[in-house]
Amino acid sequence: MPPQRTAAAKPPPGTAKGRPPGGRPRSGGPGGPGRRPPKRTRAPFRRRDPIKRLNVGLLVVAFVLSLFAGRLVQLQTIESGTYTERAMTQRLRKIDLPAVRGDITDAQGKFLAMTIEARGVFADPFVIKPEKRQQIVNALSPMLGLDPAHVMKVISRTGSRFEYLARGVRPDQARLVTAQKFLGIGVLPEYKRMYPNDSLAAGVIGFVNATGEGGAGLEHSQNKLLAGRNGWQRVEISPEGQHIPMGEDQKQPSVPGRGLRLTLLRDVQHKAQQAIEHQVRATGARSGSVVVMDPRNGQLLAMASSPGYDPNNYGKAGQARWGNPIVQEAYEPGSTGKVVTAAAVMEKGGVRPDTPFIVPDKIKKYDRTFNDSHHHPTQHLTFAGVLATSSNVGTIMASERIPPQTLYDFLRQFGFGTRTGVGLPAETAGQLKPPSQWSGTDRYPIAFGQTVSVNALQMASVYATIANGGVRVTPNLIAGTTGENDAFSAAPAPRQQRVVSAETARQIRDMLEGVTSKEGTAPKAKIPGYRVAGKTGTAEIVNPSCGCYQGGGFTASFTGFAPADDPQLVVQVVLQDPKKGSHYGGDAAAPVFKDVMSFALQTRKIPPTGSKPPIVKIYARD
C-alpha cells in the first residue's frame with residue numbers, strides 16, 4: 001500500500017510563514033530572504049466645509065479690528081485731552097521777550113549806560129544726536145569763549161528742549177554760530193547793557209548782572225524803573241527744532257523801561273575822576289572821592305571815587321569796589337565840621353567874627369586834654385582867626401557859649417545823622433548820638449568834628465548850605481526820566497530848608513576866605529582871579545584793633561566854594577589814610593580842589609566876580 005500524505009499544519013495566527021513562533025524569520029531556502037509585512041494604507045483626507053473656515057477667519061479679523069477700534073476710541077475720545085496736552089507740551093516752547101532797558105545819560109543827554117542789540121545762543125538737547133555733541137563742543141567753545149565741559153554738560157541734557165549756552169553775544173558772533181548749521185543750536189534776539197565810558201561814574205551808575213538785574217548803583221536802586229517788563233512768546237517747534245509757521249503762537253509784548261537823565265556833567269565827572277585817581281596814587285591813600293555840587297539847586301555835577309572799576313567787566317573787580325564810598329563810607333569830618341559849630345555859636349551864642357579868644361595849644365577838660373594840630377605859643381585870635389587857623393582849642397572855647405543840645409540841633413539841621421536820600425543804595429546816615437548819650441567830654445571833640453561821623457555827600461551839603469545863604473537844598477542826582485520818543489519828565493523839586501540866617505551865612509563865607517589866605521591852612525586851594533572860600537580837615541581814623549586813634553591813620557579833606565561872594569559851585573575832596581607826603585588836608589586835598597574847581601568854573605563859563613575879598617582879621621588886639 002502506498003504511504004498516505006498528511007496535510008501541512010497552518011502557522012499559528014500572528015506568525016509569518018517560515019518564522020517559528022516567537023523567533024526571527026527564517027532565511028535561506030529556494031525562495032531567498034523572508035517576506036516583509038504588507039504596508040498600511042492611510043485613510044483619505046477629507047476637506048472641511050470651506051464656508052465654516054471662512055466664517056472663523058472673519059470672526060478672528062473682526063475681533064482684532066474691534067480691539068484696534070476700541071483703542072482708537074479711547075485715544076481719540078476718552079483720553080484725547082491727555083495725549084493732546086502731552087503732544088502740545090513736547091512741541092511748545094516759551095521764549096522770553098526781554099524788555100529794552102532804559103538808558104542813563106548825563107545832564108546833556110550824553111550816554112553813561114545804554115542798551116545795544118545782542119543775541120542769545122541756545123541749544124535743544126532733545127534733538128542733538130550723541131555722536132554730534134563733541135563736534136558742537138569743539139566748534140562753539142572757542143567761538144563763544146566758553147568752557148568745553150560746560151557746553152558738553154548743557155547739550156547733554158536730553159530731557160530739555162531749551163537751554164541757553166551764551167547770552168549777550170555780538171550779532172557778528174551769532175552769525176558765525178548759525179553758519180555752522182548744527183541741528184539743535186539756534187540764536188534769539190536780545191539786548192546787552194553797555195557802558196561807553198568804561199569806569200567813568202561807575203560808582204554812581206553801577207552795572208547789570210548776568211541775570212539782567214541791576215547789581216549796584218542806580219542800576220540796582222532804580223532797577224524796576226529802568227528794566228520795564230519782560231514779555232513772552234509760545235511757539236510750536238517740530239522734532240527737528242524748526243518753528244512750525246501755522247502752529248500755535250501766543251504772545252505777550254514786552255514793555256520798555258524808562259530812561260534816567262542825571263544831573264552829572266560827563267566832562268566835569270571825567271576831570272574829577274582823573275584828579276582823584278592821580279592823587280590816590282600819589283599819596284598812597286586807601287581811597288579818595290570828589291563831589292562837585294551846585295549849591296543853589298542841590299544838583300550833583302560830579303561824584304568821583306577811587307579806586308573804581310569798569311562796569312563792562314565788573315567781575316574782574318573785587319566786590320568791595322562795586323559800592324560808592326561817597327555815600328556808603330562814614331568818617332569823622334574833623335575840622336571841616338567846625339563850620340557847624342561856628343554857625344551855632346554865631347546864631348545862638350553871641351559870637352561874631354571879631355570876637356577875641358586867647359588860645360593856647362592845648363586845653364584840659366575834666367580828665368582829657370585836647371590839643372591843636374601843632375604846638376604854638378598862646379595866641380590872641382579872633383573867632384575868624386580860630387576858623388582860619390583851624391584851632392581845636394579855640395573852637396572848644398567858642399562852643400562852651402552854647403549848651404550841648406543847641407549844638408546837636410544845628411548838627412541835625414545841617415544833615416548830620418540823616419541820609420541824604422540821593423537815590424544810591426546802602427547809604428549810611430553816619431553817627432550822631434543825642435546829648436543824653438554823650439559822655440562828660442563828648443561835646444568838645446564833637447565841636448571840632450570828631451566822635452561824630454558823616455558820609456562825604458553829607459559834608460558837601462553842609463558847605464552848600466553856607467554857600468546858598470543858609471538855605472539847605474537836598475542833594476539830588478536824578479534830573480528826571482525819559483520815556484517814549486525821549487519825552488522828559490522832570491523829577492520833583494528838592495526840599496529846601498533854612499538852617500541859618502543869610503547874614504550868618506555871609507559872615508561865615510567871609511571867614512572861610514581867610515582859610516585860603518597865606519595865614520590860613522589852605523593857600524594851595526587858591527585859584528588865580530577867583531575868590532575862594534573853604535575849610536581843611538585832618539581827622540584821626542579809629543584803629544579797629546584797639547578802638548583808639550593810635551595807628552589808625554588820617555582822613556585829609558578840603559571843602560570849598562567859588563566864587564566866594566557869589567557861590568555857584570561847591571567841591572569837596574576826601575582822601576582816606578594818605579601814607580606818602582603830608583597827611584594834612586591843606587596839602588593832600590586842597591590841590592585836588594584847585595584842579596577840579598578851576599576846570600568846573602571854566603566848563604560852566606563862570607567868570608570871576610571882580611570884587612575885592614574882605615579883609616579877614618585873624619589876630620585880635622591886646
# chains A, B, ... in the order shown; residues from 1 in each chain; ligands from 1
$ residues_around --residues "Tyr195 (chain A)" --least-positions-apart "5" --cutoff "7 Å" --atoms "only C-alpha atoms" --output "VMD selection string"
chain A and resid 112 to 114 311 to 312
$ write_last_selection --atoms "C-alpha atoms" --output "PDB file, in the first residue's frame"
ATOM      1  CA  LEU A 112      26.553 156.831  30.519  1.00  0.00           C
ATOM      2  CA  ALA A 113      24.738 153.476  30.173  1.00  0.00           C
ATOM      3  CA  MET A 114      22.951 152.180  27.101  1.00  0.00           C
ATOM      4  CA  PRO A 311      31.095 148.016  34.796  1.00  0.00           C
ATOM      5  CA  ASN A 312      31.571 146.313  31.426  1.00  0.00           C
TER       6      ASN A 312
END
$ select_by_dssp --residues "region 344-470 of chain A" --states "strand (DSSP E or B)" --output "PyMOL selection string"
chain A and resi 356-359+362-365+368-371+379-382+431+453-454
$ write_last_selection --atoms "N, CA, C and O atoms" --output "short mmCIF file (atom, residue, chain, number, x, y, z; two decimals), in the first residue's frame"
data_model
loop_
_atom_site.label_atom_id
_atom_site.label_comp_id
_atom_site.auth_asym_id
_atom_site.auth_seq_id
_atom_site.Cartn_x
_atom_site.Cartn_y
_atom_site.Cartn_z
N PRO A 356 37.20 188.07 70.30
CA PRO A 356 38.56 187.61 70.61
C PRO A 356 38.58 186.38 71.52
O PRO A 356 37.70 186.17 72.35
N PHE A 357 39.61 185.54 71.30
CA PHE A 357 39.85 184.37 72.14
C PHE A 357 41.36 184.26 72.38
O PHE A 357 42.16 184.47 71.48
N ILE A 358 41.70 183.98 73.62
CA ILE A 358 43.10 183.72 73.97
C ILE A 358 43.29 182.21 73.90
O ILE A 358 42.72 181.46 74.70
N VAL A 359 44.09 181.78 72.94
CA VAL A 359 44.11 180.36 72.57
C VAL A 359 45.48 179.74 72.82
O VAL A 359 46.45 180.05 72.11
N LYS A 362 46.83 173.79 73.87
CA LYS A 362 46.13 172.65 74.46
C LYS A 362 45.24 173.14 75.59
O LYS A 362 45.48 174.21 76.18
N ILE A 363 44.24 172.32 75.89
CA ILE A 363 43.30 172.68 76.94
C ILE A 363 42.80 171.39 77.60
O ILE A 363 42.59 170.38 76.92
N LYS A 364 42.64 171.43 78.93
CA LYS A 364 42.20 170.26 79.66
C LYS A 364 40.76 170.43 80.09
O LYS A 364 40.38 171.45 80.66
N LYS A 365 39.95 169.42 79.79
CA LYS A 365 38.55 169.39 80.20
C LYS A 365 38.30 168.09 80.94
O LYS A 365 38.41 167.00 80.36
N ARG A 368 40.49 164.86 80.35
CA ARG A 368 41.05 164.77 79.00
C ARG A 368 41.72 166.07 78.59
O ARG A 368 41.27 167.17 78.95
N THR A 369 42.79 165.91 77.82
CA THR A 369 43.50 167.07 77.29
C THR A 369 43.32 167.08 75.78
O THR A 369 43.55 166.07 75.10
N PHE A 370 42.93 168.23 75.24
CA PHE A 370 42.73 168.39 73.80
C PHE A 370 43.80 169.33 73.27
O PHE A 370 44.10 170.36 73.87
N ASN A 371 44.36 168.98 72.09
CA ASN A 371 45.47 169.73 71.52
C ASN A 371 45.12 170.29 70.16
O ASN A 371 44.26 169.75 69.45
N GLN A 379 48.02 182.22 71.59
CA GLN A 379 47.71 183.21 70.55
C GLN A 379 46.47 184.00 70.91
O GLN A 379 45.55 183.48 71.55
N HIS A 380 46.45 185.25 70.46
CA HIS A 380 45.27 186.08 70.61
C HIS A 380 44.57 186.12 69.23
O HIS A 380 45.01 186.85 68.34
N LEU A 381 43.54 185.33 69.11
CA LEU A 381 42.87 185.18 67.82
C LEU A 381 41.45 185.71 67.87
O LEU A 381 40.78 185.64 68.92
N THR A 382 41.00 186.21 66.74
CA THR A 382 39.56 186.46 66.60
C THR A 382 38.90 185.11 66.30
O THR A 382 39.56 184.11 66.01
N GLN A 431 26.95 158.78 62.15
CA GLN A 431 26.64 158.59 63.57
C GLN A 431 26.59 159.93 64.28
O GLN A 431 27.52 160.73 64.24
N SER A 453 30.29 161.03 62.90
CA SER A 453 30.71 160.59 61.56
C SER A 453 29.65 160.96 60.53
O SER A 453 28.46 161.06 60.85
N VAL A 454 30.11 161.16 59.31
CA VAL A 454 29.24 161.54 58.20
C VAL A 454 29.72 160.81 56.95
O VAL A 454 30.82 160.25 56.93
#
$ closest_residue --among "A:Ala344, A:Leu165, A:Val204, A:Cys548" --to "Pro403 (chain A)" --atoms "only C-alpha atoms"
A:Ala344
$ closest_residue --among "A:Ala330, A:Val393, A:Met194, A:Ala99" --to "Leu225 (chain A)" --atoms "only C-alpha atoms"
A:Ala99
$ closest_residue --among "A:Leu601, A:Gly547, A:Glu131, A:Pro578" --to "Ala562 (chain A)" --atoms "only C-alpha atoms"
A:Leu601
$ select_by_dssp --residues "region 42-191 of chain A" --states "helix (DSSP H, G or I)" --output "ChimeraX atom specification"
/A:50-78,80-91,125-127,130-144,148-155,171-179
$ residues_around --residues "region 587-593 of chain A" --least-positions-apart "3" --cutoff "9 Å" --atoms "only C-alpha atoms" --output "ChimeraX atom specification"
/A:272,275-276,279,283,290,521-526,536-537,556-560,571-575,578,581-584,596-598
$ closest_residue --among "A:Ala107, A:Ala539, A:Val462, A:Leu146" --to "Val121 (chain A)" --atoms "only C-alpha atoms"
A:Leu146
